[in-house]
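protein36.txt (compact mmCIF, C-alpha atoms and all ligand atoms) appears below.
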```
# COMPACT_ATOMS: atom_id res chain seq x y z
CA MET O 1 177.44 243.68 13.46
CA SER O 2 179.02 242.72 10.15
CA ARG O 3 181.74 240.10 10.10
CA ARG O 4 185.31 241.21 9.60
CA ALA O 5 187.68 239.66 7.08
CA PHE O 6 191.40 240.27 6.66
CA ILE O 7 193.15 239.50 3.37
CA THR O 8 196.91 239.45 2.83
CA GLY O 9 197.75 240.08 -0.81
CA ALA O 10 194.48 242.00 -1.20
CA ALA O 11 195.79 243.80 -4.29
CA GLY O 12 196.60 240.58 -6.17
CA GLN O 13 194.30 238.71 -8.55
CA ASP O 14 192.70 236.49 -5.90
CA GLY O 15 192.72 239.25 -3.29
CA ARG O 16 190.69 241.45 -5.60
CA PHE O 17 188.14 238.76 -6.52
CA LEU O 18 187.80 237.73 -2.87
CA SER O 19 187.47 241.35 -1.69
CA ARG O 20 184.57 241.88 -4.11
CA LEU O 21 182.87 238.67 -2.97
CA LEU O 22 183.19 239.47 0.74
CA VAL O 23 182.12 243.11 0.36
CA GLU O 24 179.05 241.83 -1.53
CA LYS O 25 178.34 239.45 1.35
CA GLY O 26 178.38 242.36 3.79
CA TYR O 27 181.79 241.79 5.39
CA LYS O 28 183.96 244.64 6.62
CA VAL O 29 187.10 243.84 4.62
CA HIS O 30 190.66 244.74 5.63
CA GLY O 31 193.51 244.32 3.15
CA PHE O 32 197.21 243.96 4.01
CA VAL O 33 199.08 245.47 1.06
CA ARG O 34 202.36 247.11 0.15
CA ARG O 35 202.57 250.91 -0.06
CA GLY O 36 201.16 252.13 -3.36
CA ALA O 37 199.07 249.03 -4.07
CA ALA O 38 195.40 249.66 -4.87
CA VAL O 39 192.63 247.78 -3.10
CA GLU O 40 189.05 247.23 -4.23
CA PRO O 41 186.34 249.75 -3.20
CA ASN O 42 185.21 249.49 0.45
CA VAL O 43 188.37 247.68 1.56
CA THR O 44 190.39 249.23 4.40
CA PRO O 45 194.08 249.09 3.50
CA HIS O 46 196.76 248.24 6.07
CA ILE O 47 200.14 249.13 4.65
CA GLY O 48 202.94 246.67 5.35
CA ASP O 49 205.32 244.12 3.98
CA LEU O 50 204.84 240.38 4.41
CA ALA O 51 208.52 240.17 5.32
CA ASP O 52 207.75 242.30 8.41
CA PRO O 53 205.98 240.10 11.01
CA ALA O 54 205.51 243.01 13.44
CA ALA O 55 203.55 244.98 10.82
CA LEU O 56 201.37 241.97 10.05
CA LYS O 57 200.69 241.27 13.75
CA HIS O 58 199.84 244.92 14.36
CA ALA O 59 197.38 244.94 11.43
CA LEU O 60 195.69 241.77 12.76
CA GLU O 61 195.45 243.19 16.28
CA THR O 62 193.95 246.47 15.13
CA SER O 63 191.41 244.98 12.70
CA LEU O 64 190.46 241.92 14.82
CA PRO O 65 189.12 239.84 11.92
CA ASP O 66 186.79 236.86 12.26
CA GLU O 67 188.28 235.37 9.08
CA VAL O 68 191.83 235.69 7.75
CA TYR O 69 192.70 234.80 4.16
CA ASN O 70 196.47 234.51 3.74
CA LEU O 71 196.80 234.98 -0.02
CA GLY O 72 199.97 237.09 -0.15
CA ALA O 73 203.18 235.43 -1.35
CA GLN O 74 205.96 235.62 -3.92
CA SER O 75 203.70 233.65 -6.24
CA HIS O 76 205.85 233.37 -9.36
CA VAL O 77 207.40 229.92 -9.56
CA ALA O 78 210.24 230.89 -11.96
CA ALA O 79 211.16 233.93 -9.82
CA SER O 80 211.50 231.69 -6.77
CA PHE O 81 214.58 230.04 -8.33
CA ALA O 82 216.18 233.47 -8.69
CA ASP O 83 215.39 234.57 -5.12
CA PRO O 84 214.65 231.55 -2.92
CA LEU O 85 215.29 233.32 0.38
CA HIS O 86 212.88 236.19 -0.24
CA THR O 87 210.34 233.66 -1.55
CA TRP O 88 210.68 231.68 1.67
CA ARG O 89 210.28 234.76 3.87
CA VAL O 90 207.08 236.00 2.29
CA THR O 91 205.56 232.62 1.34
CA ALA O 92 206.39 230.26 4.24
CA GLU O 93 206.74 232.55 7.25
CA PRO O 94 203.74 234.95 7.40
CA ILE O 95 201.24 232.19 8.15
CA LEU O 96 203.13 231.53 11.41
CA THR O 97 202.41 235.10 12.53
CA VAL O 98 198.74 234.60 11.62
CA LEU O 99 198.50 231.21 13.38
CA GLU O 100 200.29 232.45 16.50
CA TRP O 101 197.90 235.41 16.66
CA ALA O 102 194.89 233.11 16.10
CA GLN O 103 196.01 230.66 18.76
CA HIS O 104 195.98 233.38 21.41
CA ALA O 105 192.99 235.38 20.14
CA LYS O 106 189.91 235.06 22.38
CA HIS O 107 187.33 235.16 19.59
CA ALA O 108 188.54 231.99 17.74
CA PRO O 109 189.20 233.49 14.31
CA ARG O 110 189.17 231.22 11.24
CA ILE O 111 192.22 231.03 9.00
CA TYR O 112 192.48 230.25 5.28
CA GLN O 113 195.92 229.50 3.83
CA ALA O 114 196.39 229.75 0.05
CA SER O 115 198.02 226.39 -0.55
CA SER O 116 198.98 225.44 -4.09
CA SER O 117 198.83 222.53 -6.50
CA GLU O 118 202.55 223.22 -7.04
CA GLN O 119 202.99 221.35 -3.74
CA PHE O 120 202.18 218.13 -5.60
CA GLY O 121 205.01 218.72 -8.07
CA THR O 122 205.86 215.39 -9.70
CA SER O 123 203.21 213.42 -7.76
CA PRO O 124 201.26 211.43 -10.40
CA PRO O 125 197.96 212.95 -11.60
CA PRO O 126 195.09 213.16 -10.87
CA GLN O 127 196.05 214.74 -7.52
CA ASN O 128 193.66 214.86 -4.58
CA GLU O 129 193.90 215.60 -0.83
CA LYS O 130 195.69 212.27 -0.25
CA SER O 131 198.36 212.69 -2.94
CA PRO O 132 201.90 213.06 -1.58
CA PHE O 133 203.72 216.37 -1.95
CA ALA O 134 206.77 216.37 -4.25
CA PRO O 135 207.64 220.08 -4.62
CA GLN O 136 209.88 221.11 -7.52
CA SER O 137 210.71 224.75 -6.73
CA PRO O 138 211.65 226.99 -3.81
CA TYR O 139 208.12 228.43 -4.12
CA ALA O 140 206.50 225.00 -3.78
CA ILE O 141 208.73 224.07 -0.83
CA ALA O 142 207.69 227.28 0.98
CA LYS O 143 204.01 226.51 0.23
CA VAL O 144 204.39 222.97 1.64
CA ALA O 145 205.90 224.43 4.85
CA ALA O 146 203.01 226.89 5.23
CA HIS O 147 200.45 224.15 4.52
CA MET O 148 202.01 221.85 7.12
CA SER O 149 202.08 224.67 9.69
CA VAL O 150 198.32 225.01 9.21
CA SER O 151 197.82 221.25 9.83
CA LEU O 152 200.01 221.45 12.93
CA TYR O 153 198.19 224.39 14.53
CA ARG O 154 194.84 222.72 13.77
CA LYS O 155 195.95 219.50 15.48
CA ALA O 156 198.12 220.89 18.28
CA TYR O 157 196.05 223.93 19.34
CA GLY O 158 192.62 223.40 17.80
CA VAL O 159 192.88 226.52 15.60
CA PHE O 160 190.22 226.59 12.84
CA ALA O 161 192.75 226.73 10.01
CA VAL O 162 192.53 225.24 6.52
CA GLY O 163 194.71 224.95 3.43
CA GLY O 164 192.87 225.35 0.15
CA ILE O 165 195.01 223.49 -2.39
CA LEU O 166 194.08 225.48 -5.46
CA PHE O 167 195.10 224.41 -8.93
CA ASN O 168 195.99 227.12 -11.48
CA HIS O 169 193.34 229.80 -11.73
CA THR O 170 193.51 232.81 -13.94
CA SER O 171 191.51 235.75 -15.29
CA PRO O 172 191.85 238.96 -17.30
CA ILE O 173 193.44 240.64 -14.25
CA ARG O 174 196.29 238.11 -14.02
CA PRO O 175 199.70 239.72 -14.61
CA ALA O 176 201.37 238.77 -17.92
CA SER O 177 204.27 237.18 -16.02
CA PHE O 178 202.02 234.08 -15.87
CA VAL O 179 201.71 232.08 -19.05
CA THR O 180 197.93 232.33 -19.63
CA ARG O 181 197.80 236.12 -19.66
CA LYS O 182 201.12 236.32 -21.50
CA ILE O 183 199.55 234.28 -24.30
CA THR O 184 196.18 236.08 -24.51
CA GLN O 185 197.84 239.49 -24.33
CA GLY O 186 200.51 238.48 -26.86
CA ALA O 187 198.02 237.01 -29.34
CA ALA O 188 195.80 240.13 -29.12
CA ARG O 189 198.75 242.50 -29.60
CA ILE O 190 200.01 240.45 -32.57
CA ALA O 191 196.55 240.72 -34.18
CA TYR O 192 196.75 244.52 -33.96
CA GLY O 193 200.36 244.69 -35.18
CA LEU O 194 201.64 245.80 -31.77
CA GLN O 195 204.15 242.94 -31.58
CA ASP O 196 205.47 240.38 -34.08
CA LYS O 197 206.01 237.28 -32.01
CA LEU O 198 205.49 235.70 -28.64
CA GLU O 199 208.35 234.02 -26.78
CA LEU O 200 207.44 231.14 -24.51
CA GLY O 201 209.25 228.41 -22.57
CA ASN O 202 208.04 224.83 -22.08
CA LEU O 203 205.00 224.27 -24.33
CA ASP O 204 204.45 220.71 -23.11
CA ALA O 205 203.71 221.49 -19.44
CA LYS O 206 200.11 220.61 -18.58
CA ARG O 207 198.03 222.51 -16.08
CA ASP O 208 194.51 222.36 -14.68
CA TRP O 209 193.25 225.90 -15.33
CA GLY O 210 190.10 227.45 -13.91
CA PHE O 211 188.61 230.92 -13.47
CA ALA O 212 189.82 232.82 -10.37
CA GLY O 213 186.32 234.24 -9.76
CA ASP O 214 185.00 230.71 -9.22
CA TYR O 215 187.90 229.67 -7.00
CA VAL O 216 187.56 232.44 -4.38
CA VAL O 217 184.04 231.14 -3.65
CA ALA O 218 185.67 227.87 -2.52
CA MET O 219 187.97 229.81 -0.16
CA TRP O 220 184.99 231.39 1.55
CA LEU O 221 183.04 228.10 1.70
CA MET O 222 185.96 226.37 3.46
CA LEU O 223 185.73 228.84 6.34
CA GLN O 224 181.94 228.38 6.70
CA GLN O 225 182.11 224.64 7.53
CA ASP O 226 181.52 223.08 10.96
CA ALA O 227 185.03 221.64 11.08
CA PRO O 228 188.33 222.75 9.50
CA LYS O 229 189.54 220.60 6.61
CA ASP O 230 191.89 220.96 3.62
CA PHE O 231 190.40 220.71 0.13
CA VAL O 232 191.69 220.42 -3.43
CA ILE O 233 190.03 222.98 -5.73
CA ALA O 234 190.37 222.24 -9.43
CA SER O 235 188.47 221.95 -12.70
CA GLY O 236 189.44 218.31 -13.23
CA GLY O 237 190.68 218.94 -16.77
CA THR O 238 194.26 219.40 -17.92
CA HIS O 239 195.68 221.21 -20.97
CA SER O 240 199.17 221.88 -22.26
CA VAL O 241 200.58 225.38 -22.74
CA ARG O 242 200.57 224.46 -26.46
CA GLU O 243 196.78 223.80 -26.35
CA PHE O 244 196.19 227.08 -24.51
CA ALA O 245 198.14 228.97 -27.17
CA GLU O 246 196.32 227.21 -30.02
CA LEU O 247 192.93 228.02 -28.53
CA ALA O 248 193.82 231.63 -27.72
CA PHE O 249 195.15 232.36 -31.21
CA ALA O 250 192.06 230.67 -32.74
CA ALA O 251 189.78 232.89 -30.61
CA VAL O 252 191.72 236.00 -31.66
CA ALA O 253 191.58 234.90 -35.32
CA GLU O 254 187.82 234.52 -35.10
CA SER O 255 187.15 237.80 -33.28
CA THR O 256 189.39 239.89 -35.54
CA ASN O 257 188.53 238.07 -38.75
CA LYS O 258 192.20 237.25 -39.36
CA PRO O 259 192.26 233.53 -40.21
CA GLU O 260 196.07 233.52 -40.62
CA LEU O 261 196.33 233.79 -36.83
CA ARG O 262 195.01 230.23 -36.53
CA ASP O 263 198.48 229.18 -37.63
CA TRP O 264 199.73 230.11 -34.13
CA GLU O 265 203.11 228.37 -34.46
CA ARG O 266 204.17 231.04 -36.96
CA TYR O 267 204.03 233.61 -34.18
CA VAL O 268 205.36 231.64 -31.19
CA GLU O 269 209.08 231.11 -30.57
CA VAL O 270 210.53 228.93 -27.85
CA ASN O 271 213.05 230.80 -25.73
CA ARG O 272 214.94 228.49 -23.40
CA SER O 273 215.44 231.27 -20.85
CA TYR O 274 211.76 230.79 -19.89
CA MET O 275 212.38 227.12 -19.02
CA ARG O 276 212.72 226.34 -15.32
CA PRO O 277 215.62 224.51 -13.63
CA ALA O 278 213.05 221.91 -12.49
CA GLU O 279 209.56 221.59 -13.97
CA VAL O 280 206.21 220.19 -12.91
CA PRO O 281 205.06 218.23 -15.97
CA VAL O 282 201.35 217.56 -15.32
CA LEU O 283 198.85 218.90 -12.81
CA CYS O 284 195.27 217.66 -12.89
CA GLY O 285 193.15 217.98 -9.76
CA ASN O 286 190.36 215.82 -8.42
CA ALA O 287 187.99 218.13 -6.52
CA THR O 288 185.38 215.47 -5.70
CA ALA O 289 185.61 216.15 -1.95
CA ALA O 290 185.01 219.90 -2.45
CA CYS O 291 182.13 219.14 -4.76
CA GLU O 292 180.47 216.71 -2.31
CA GLN O 293 181.25 218.40 1.01
CA LEU O 294 181.34 222.12 0.12
CA GLY O 295 178.86 221.98 -2.74
CA TRP O 296 181.47 223.83 -4.83
CA ARG O 297 181.53 223.61 -8.61
CA PRO O 298 183.39 225.78 -11.10
CA LYS O 299 181.04 227.64 -13.48
CA CYS O 300 183.45 228.84 -16.17
CA SER O 301 184.74 226.19 -18.64
CA PHE O 302 188.28 226.15 -20.05
CA THR O 303 187.15 227.40 -23.47
CA ASP O 304 185.02 230.17 -21.93
CA LEU O 305 187.98 231.20 -19.79
CA VAL O 306 190.30 231.52 -22.81
CA ARG O 307 187.63 233.49 -24.67
CA LEU O 308 187.00 235.80 -21.70
CA MET O 309 190.71 236.62 -21.45
CA VAL O 310 191.12 237.03 -25.21
CA GLU O 311 188.14 239.43 -25.46
CA HIS O 312 189.55 241.52 -22.62
CA ASP O 313 193.03 241.66 -24.18
CA LEU O 314 191.65 242.57 -27.62
CA LYS O 315 189.98 245.60 -26.01
CA GLU O 316 193.24 246.49 -24.23
CA ALA O 317 195.22 246.18 -27.48
CA ALA O 318 192.68 248.39 -29.30
CA LYS O 319 193.18 251.02 -26.57
CA GLU O 320 196.93 250.91 -27.21
CA LEU O 321 196.29 251.65 -30.88
CA LYS O 322 194.03 254.62 -30.13
CA PRO O 323 195.16 255.96 -26.77
N1 LIG U 401 205.30 232.13 -16.69
C1 LIG U 401 205.58 231.48 -17.84
N2 LIG U 401 206.05 232.19 -18.90
N3 LIG U 401 205.36 230.15 -17.90
C2 LIG U 401 205.63 229.51 -19.06
C3 LIG U 401 206.11 230.19 -20.19
C4 LIG U 401 206.35 231.59 -20.11
O1 LIG U 401 206.78 232.23 -21.05
N4 LIG U 401 206.24 229.28 -21.19
C5 LIG U 401 205.85 228.10 -20.72
N5 LIG U 401 205.50 228.22 -19.42
C6 LIG U 401 205.04 227.11 -18.55
C7 LIG U 401 205.75 227.02 -17.21
O2 LIG U 401 207.01 226.37 -17.35
C8 LIG U 401 204.72 226.19 -16.42
O3 LIG U 401 204.91 224.83 -16.68
C9 LIG U 401 203.37 226.64 -17.01
O4 LIG U 401 203.68 227.35 -18.23
C10 LIG U 401 202.56 227.54 -16.12
O5 LIG U 401 203.38 228.59 -15.67
P1 LIG U 401 202.79 229.86 -14.85
O6 LIG U 401 201.69 230.47 -15.62
O7 LIG U 401 203.95 230.74 -14.50
O8 LIG U 401 202.11 229.21 -13.57
P2 LIG U 401 202.61 228.06 -12.57
O9 LIG U 401 201.84 226.82 -12.92
O10 LIG U 401 204.08 227.94 -12.55
O11 LIG U 401 202.16 228.61 -11.16
C11 LIG U 401 200.88 229.20 -10.97
O12 LIG U 401 199.95 228.27 -10.50
C12 LIG U 401 200.21 227.76 -9.19
C13 LIG U 401 199.10 226.77 -8.85
O13 LIG U 401 199.45 225.53 -9.39
C14 LIG U 401 201.06 230.38 -10.01
O14 LIG U 401 199.87 231.09 -9.97
C15 LIG U 401 201.37 229.90 -8.62
O15 LIG U 401 201.41 231.00 -7.73
C16 LIG U 401 200.28 228.91 -8.19
O16 LIG U 401 200.55 228.42 -6.90
```

Could you show the structure in this file as structure tokens?
Amino acid sequence: MSRRAFITGAAGQDGRFLSRLLVEKGYKVHGFVRRGAAVEPNVTPHIGDLADPAALKHALETSLPDEVYNLGAQSHVAASFADPLHTWRVTAEPILTVLEWAQHAKHAPRIYQASSSEQFGTSPPPQNEKSPFAPQSPYAIAKVAAHMSVSLYRKAYGVFAVGGILFNHTSPIRPASFVTRKITQGAARIAYGLQDKLELGNLDAKRDWGFAGDYVVAMWLMLQQDAPKDFVIASGGTHSVREFAELAFAAVAESTNKPELRDWERYVEVNRSYMRPAEVPVLCGNATAACEQLGWRPKCSFTDLVRLMVEHDLKEAAKELKP
């Protein structure tokens, strides 16, 4: 019989990449999603809200998964300052429903928690599994709580539960509320005359960006090990928002044969309303343990990632011109 997987946040970027991977591997995939959200082909949707523990428990009990991937959250760091309580409810609390269910389930299900490099906050880079947490947002605080709940249930009850501490990972299906997609979409639309400028916040923040398609493989690998263990998943490189913008505009300039777009600063304006009340200045992960123990390595380089997103957004912008 095929193995069963259950994904919260199945309609999000990672949920979609992971659904495809698990369907390909022959899993029967169940997705916990809000009403109206679309899931990938061959995924059974369970409609519910992460703020409703009874709905989540019911979905787990009816689908009886062997593996649970808790990816759902209020995942926008800036938005967590505006609504810390909702962020807490849907980011910190649902894993407790999952862990409680797993603790009492007879078939010893395995649990993956989407932990985040935001948990490291101002901890000095490069960050690895031993780096202390120094969260700088309500989102990061909620993620630390969820991560520590996973460690507790592993230790106290022997649940096979892991926290994958993933550094930033993006793709062409990332919403434009995140800076990478905002930049590639903005640069492509500027090239086609669909917008004049791009407003950004802190250009000096540095992040370790990888391709989401590579990172979901690490999630799956973590649940296939003999023993449960937390891992950092990262590319090991770090780039500023400024560098991302420079590279994205250069790629657009090349593809559209518009060399003036190389002068990206002409098109970008800093708008202080995109700055956060507290910022994480530099994230740079050390994924040596994942590389050695899981055999995981990212395939897509930073420059390939920017190019992939730019090419996608140029096609989208062209569609806007000729609907
Ligand atoms: N969103 C956004 N919009 N960010 C901007 C902008 C802007 O206009 N201008 C500059 N930034 C800066 C932010 O201040 C931050 O330092 C950096 O760009 C990245 O912001 P996001 O793309 O929103 O991602 P994030 O790093 O805050 O969080 C993402 O990565 C985490 C993993 O480290 C999210 O995906 C989280 O859910 C995830 O846990």

From (181.4, 224.3, -11.9), in the file's coordinates, out to 12 Å: which residues are reached, counting all atoms listed in the file? Answer as an mmCIF file with C-alpha atoms, in the frame of the given file.
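Okay, part_11.cif is ready:
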```
data_model
loop_
_atom_site.group_PDB
_atom_site.id
_atom_site.type_symbol
_atom_site.label_atom_id
_atom_site.label_comp_id
_atom_site.auth_asym_id
_atom_site.auth_seq_id
_atom_site.Cartn_x
_atom_site.Cartn_y
_atom_site.Cartn_z
ATOM 1 C CA GLY O 210 190.100 227.450 -13.910
ATOM 2 C CA PHE O 211 188.610 230.920 -13.470
ATOM 3 C CA GLY O 213 186.320 234.240 -9.760
ATOM 4 C CA ASP O 214 185.000 230.710 -9.220
ATOM 5 C CA TYR O 215 187.900 229.670 -7.000
ATOM 6 C CA VAL O 217 184.040 231.140 -3.650
ATOM 7 C CA ALA O 218 185.670 227.870 -2.520
ATOM 8 C CA ILE O 233 190.030 222.980 -5.730
ATOM 9 C CA ALA O 234 190.370 222.240 -9.430
ATOM 10 C CA SER O 235 188.470 221.950 -12.700
ATOM 11 C CA GLY O 236 189.440 218.310 -13.230
ATOM 12 C CA GLY O 237 190.680 218.940 -16.770
ATOM 13 C CA ALA O 287 187.990 218.130 -6.520
ATOM 14 C CA THR O 288 185.380 215.470 -5.700
ATOM 15 C CA ALA O 290 185.010 219.900 -2.450
ATOM 16 C CA CYS O 291 182.130 219.140 -4.760
ATOM 17 C CA GLY O 295 178.860 221.980 -2.740
ATOM 18 C CA TRP O 296 181.470 223.830 -4.830
ATOM 19 C CA ARG O 297 181.530 223.610 -8.610
ATOM 20 C CA PRO O 298 183.390 225.780 -11.100
ATOM 21 C CA LYS O 299 181.040 227.640 -13.480
ATOM 22 C CA CYS O 300 183.450 228.840 -16.170
ATOM 23 C CA SER O 301 184.740 226.190 -18.640
ATOM 24 C CA PHE O 302 188.280 226.150 -20.050
#
```

Neighbouring residues of ligand LIG 401 (chain U) are defined here as those with any atom at most 8 Å from a ligand atom, counting only C-alpha atoms and all ligand atoms; list them as a ChimeraX atom specification. /O:73-78,115-119,140,166-170,176-182,199-208,241,270-271,274-276,279-281,283

What separates atom CA of O:Ala146 and atom CA of O:Arg4 is a distance of 23.2 Å

Find the distance between atom CA of O:Asp263 and atom CA of O:Asp196 and write it in Å to one decimal.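 Computed distance, atom CA of O:Asp263 to atom CA of O:Asp196, equals 13.7 Å.
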
Coordinates-based distance that separates atom CA of O:Ser19 from atom CA of O:His86 (Å, one decimal):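 Rounded to one decimal, the two atoms are 26.0 Å apart.
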
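The residue set within 10 Å of O:Lys197, counting all atoms listed in the file and dropping same-chain residues fewer than 2 places from it, reads Gly186, Ala187, Arg189, Ile190, Gly193, Leu194, Gln195, Glu199, Leu200, Trp264, Glu265, Arg266, Tyr267, Val268 and Glu269 of chain O.
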